[in-house]
Amino acid sequence: MELTICGGDIRQIYMAHALRQKGYDVRLTLFEKAANEKNEGNTKKAVRGCDILLLPLPVSRSGKTVNAPFSDTELPVGNLAALLGEGQIVLGGMLPFTLAEALEEKNIPYFDYYKDETLITRNAVPTAEGVLGLLIQKTPVTICSSSCLITGYGRCGKAIAALLQKNGAAVTVAARSPLARKEAAANGCAVLSIDELADAPAPFDAVVNTIPHRVIEKELLQRLKKETVLVEISSAPFGIDFDSASQLGLQIIKAASLPGKVSPKTAGEIIADTVDRLIQQHKEEI
């Protein structure tokens, strides 16, 4: 069984190493600038000739071309389906709708591994560690004396809150779900509903958003301290009003894909484990 990893960052290199250790025949393409890695220069041949095509996380950052920071070659996402045929399978992270639609039209099985519950849960740990590291570097106070607001209490929100609490921070969680607020309160956090953010006291040294839609508006931002650090870890369209935050002179850190930046080996191995599990579960489709 031949696997082609087409594009991606250092996580995909570590993923390749981990998959080879699991016994897979793995080749890399769109990695010509990666040191000490063998790259298949003919990307079309590599894509057409594989049994499984592994795309990066995210598949595309621009919405137009495959995410390939180790390559100067641009491969349009819209060209991928045309290169694939019967008997092949595609796995990628945050697959664009247009690509999924094109694959469905050709009856090519595909899986978005970023929707895998186990991967999301495991990824929350390096994400939380990355947030902690950023706050240690960027806030003017110690974590143990800080007050932090986290918007959202999903897997990442829970992991971030728990790690900040372990380091002595006072954590407030804002969540829309009453069940999420109840769980956060049971775990020792102060809680707010999202609707209360506009009028709530705002003594925070750091605000971390995990919700991928606008929840941190100007009404809250203008009541924050000037030295408050805003950390955005969600994907577009994001949760922080960046324009208002910039106008108010607040420090903004856009920190998407933290696992790949702070713990790429771990992140790559997590993806490899997920890919291996998906392949084993769907062998009959390959």
# chains A, B, ... in the order shown; residues from 1 in each chain; ligands from 1

call {"tool": "residues_around", "arguments": {"residues": "A:Gly23", "least_positions_apart": "2", "cutoff": "12 Å", "atoms": "only C-alpha atoms", "output": "MDAnalysis selection string"}}
result
chainID A and resid 1:3 16:21 25:26 272 276

call {"tool": "write_last_selection", "arguments": {"atoms": "N, CA, C and O atoms", "output": "PDB file, in the first residue's frame"}}
result
ATOM      1  N   MET A   1       0.834  -1.194   0.000  1.00  0.00           N
ATOM      2  CA  MET A   1       0.000   0.000   0.000  1.00  0.00           C
ATOM      3  C   MET A   1       0.871   1.247   0.000  1.00  0.00           C
ATOM      4  O   MET A   1       1.679   1.439   0.906  1.00  0.00           O
ATOM      5  N   GLU A   2       0.732   2.064  -1.033  1.00  0.00           N
ATOM      6  CA  GLU A   2       1.559   3.261  -1.168  1.00  0.00           C
ATOM      7  C   GLU A   2       0.794   4.505  -0.727  1.00  0.00           C
ATOM      8  O   GLU A   2      -0.331   4.750  -1.175  1.00  0.00           O
ATOM      9  N   LEU A   3       1.435   5.291   0.124  1.00  0.00           N
ATOM     10  CA  LEU A   3       0.857   6.530   0.621  1.00  0.00           C
ATOM     11  C   LEU A   3       1.669   7.704   0.103  1.00  0.00           C
ATOM     12  O   LEU A   3       2.906   7.681   0.180  1.00  0.00           O
ATOM     13  N   ALA A  16       5.113  11.280   8.358  1.00  0.00           N
ATOM     14  CA  ALA A  16       5.712  10.315   7.437  1.00  0.00           C
ATOM     15  C   ALA A  16       6.621   9.341   8.178  1.00  0.00           C
ATOM     16  O   ALA A  16       6.569   8.123   7.961  1.00  0.00           O
ATOM     17  N   HIS A  17       7.447   9.877   9.081  1.00  0.00           N
ATOM     18  CA  HIS A  17       8.346   9.007   9.846  1.00  0.00           C
ATOM     19  C   HIS A  17       7.543   8.005  10.670  1.00  0.00           C
ATOM     20  O   HIS A  17       7.880   6.809  10.725  1.00  0.00           O
ATOM     21  N   ALA A  18       6.482   8.483  11.317  1.00  0.00           N
ATOM     22  CA  ALA A  18       5.679   7.604  12.170  1.00  0.00           C
ATOM     23  C   ALA A  18       4.956   6.543  11.342  1.00  0.00           C
ATOM     24  O   ALA A  18       4.872   5.375  11.762  1.00  0.00           O
ATOM     25  N   LEU A  19       4.460   6.899  10.183  1.00  0.00           N
ATOM     26  CA  LEU A  19       3.763   5.926   9.344  1.00  0.00           C
ATOM     27  C   LEU A  19       4.719   4.876   8.791  1.00  0.00           C
ATOM     28  O   LEU A  19       4.361   3.698   8.661  1.00  0.00           O
ATOM     29  N   ARG A  20       5.933   5.302   8.478  1.00  0.00           N
ATOM     30  CA  ARG A  20       6.932   4.313   8.023  1.00  0.00           C
ATOM     31  C   ARG A  20       7.244   3.316   9.135  1.00  0.00           C
ATOM     32  O   ARG A  20       7.417   2.124   8.874  1.00  0.00           O
ATOM     33  N   GLN A  21       7.307   3.787  10.357  1.00  0.00           N
ATOM     34  CA  GLN A  21       7.539   2.887  11.480  1.00  0.00           C
ATOM     35  C   GLN A  21       6.387   1.902  11.672  1.00  0.00           C
ATOM     36  O   GLN A  21       6.571   0.814  12.208  1.00  0.00           O
ATOM     37  N   ASP A  25       4.450   2.233   3.160  1.00  0.00           N
ATOM     38  CA  ASP A  25       5.338   2.752   2.118  1.00  0.00           C
ATOM     39  C   ASP A  25       4.912   4.195   1.841  1.00  0.00           C
ATOM     40  O   ASP A  25       3.842   4.434   1.278  1.00  0.00           O
ATOM     41  N   VAL A  26       5.731   5.150   2.269  1.00  0.00           N
ATOM     42  CA  VAL A  26       5.339   6.564   2.236  1.00  0.00           C
ATOM     43  C   VAL A  26       6.295   7.359   1.364  1.00  0.00           C
ATOM     44  O   VAL A  26       7.520   7.234   1.484  1.00  0.00           O
ATOM     45  N   ALA A 272      -0.609  10.725  12.454  1.00  0.00           N
ATOM     46  CA  ALA A 272      -0.257   9.400  11.936  1.00  0.00           C
ATOM     47  C   ALA A 272      -1.096   8.311  12.588  1.00  0.00           C
ATOM     48  O   ALA A 272      -1.583   7.392  11.906  1.00  0.00           O
ATOM     49  N   ASP A 276      -3.664   5.950  10.487  1.00  0.00           N
ATOM     50  CA  ASP A 276      -3.542   4.492  10.577  1.00  0.00           C
ATOM     51  C   ASP A 276      -4.876   3.871  11.008  1.00  0.00           C
ATOM     52  O   ASP A 276      -5.328   2.879  10.424  1.00  0.00           O
TER      53      ASP A 276
END

call {"tool": "select_by_dssp", "arguments": {"residues": "stretch 129-271 of chain A", "states": "alpha helix (DSSP H)", "output": "PyMOL selection string"}}
result
chain A and resi 129-138+155-166+178-186+218-221+242-247+258-262+264-271

call {"tool": "closest_residue", "arguments": {"among": "A:Leu53, A:Ile13, A:Ala185, A:Leu179", "to": "A:Tyr110", "atoms": "only C-alpha atoms"}}
result
A:Leu53

call {"tool": "residues_around", "arguments": {"residues": "stretch 211-224 of chain A", "least_positions_apart": "5", "cutoff": "7 Å", "atoms": "only C-alpha atoms", "output": "MDAnalysis selection string"}}
result
chainID A and resid 151:152 194 197:198 202:204 234:241 244:245 248

call {"tool": "write_last_selection", "arguments": {"atoms": "C-alpha atoms", "output": "mmCIF file, in the first residue's frame"}}
result
data_model
loop_
_atom_site.group_PDB
_atom_site.id
_atom_site.type_symbol
_atom_site.label_atom_id
_atom_site.label_comp_id
_atom_site.auth_asym_id
_atom_site.auth_seq_id
_atom_site.Cartn_x
_atom_site.Cartn_y
_atom_site.Cartn_z
ATOM 1 C CA THR A 151 -14.236 31.945 25.511
ATOM 2 C CA GLY A 152 -15.528 28.496 24.713
ATOM 3 C CA ILE A 194 -21.473 34.691 26.062
ATOM 4 C CA LEU A 197 -19.519 39.441 28.071
ATOM 5 C CA ALA A 198 -20.495 42.907 26.857
ATOM 6 C CA ALA A 202 -13.053 42.856 32.579
ATOM 7 C CA PRO A 203 -10.014 42.699 34.872
ATOM 8 C CA PHE A 204 -8.290 40.159 32.617
ATOM 9 C CA SER A 234 -9.774 29.463 16.427
ATOM 10 C CA SER A 235 -10.094 29.335 12.660
ATOM 11 C CA ALA A 236 -11.789 31.852 10.371
ATOM 12 C CA PRO A 237 -14.015 33.798 10.741
ATOM 13 C CA PHE A 238 -12.436 34.012 14.240
ATOM 14 C CA GLY A 239 -13.927 35.159 17.519
ATOM 15 C CA ILE A 240 -12.126 38.433 18.213
ATOM 16 C CA ASP A 241 -13.017 41.770 16.628
ATOM 17 C CA SER A 244 -11.541 47.165 17.209
ATOM 18 C CA ALA A 245 -8.741 45.504 19.168
ATOM 19 C CA LEU A 248 -7.689 50.212 20.950
#

call {"tool": "atom_distance", "arguments": {"atom1": "atom CA of A:Arg122", "atom2": "atom CA of A:Ile270"}}
result
7.2 Å

call {"tool": "closest_residue", "arguments": {"among": "A:Asn36, A:Gln165, A:Gln280, A:Asn67", "to": "A:Gly8", "atoms": "only C-alpha atoms"}}
result
A:Asn67

call {"tool": "select_by_dssp", "arguments": {"residues": "stretch 22-268 of chain A", "states": "strand (DSSP E or B)", "output": "JSON, numbers by chain"}}
result
{"A": [25, 26, 27, 28, 29, 39, 52, 53, 54, 65, 76, 89, 90, 91, 92, 110, 111, 112, 147, 148, 149, 150, 151, 170, 171, 172, 173, 174, 175, 190, 191, 192, 193, 206, 207, 208, 209, 216, 229, 230, 231, 232, 240, 251, 252, 253, 254]}

call {"tool": "closest_residue", "arguments": {"among": "A:Ala34, A:Cys148, A:Tyr113, A:Leu192", "to": "A:Tyr14", "atoms": "only C-alpha atoms"}}
result
A:Ala34

call {"tool": "residues_around", "arguments": {"residues": "A:Val173", "least_positions_apart": "4", "cutoff": "8 Å", "atoms": "only C-alpha atoms", "output": "PyMOL selection string"}}
result
chain A and resi 149-153+161+181+184+189-192
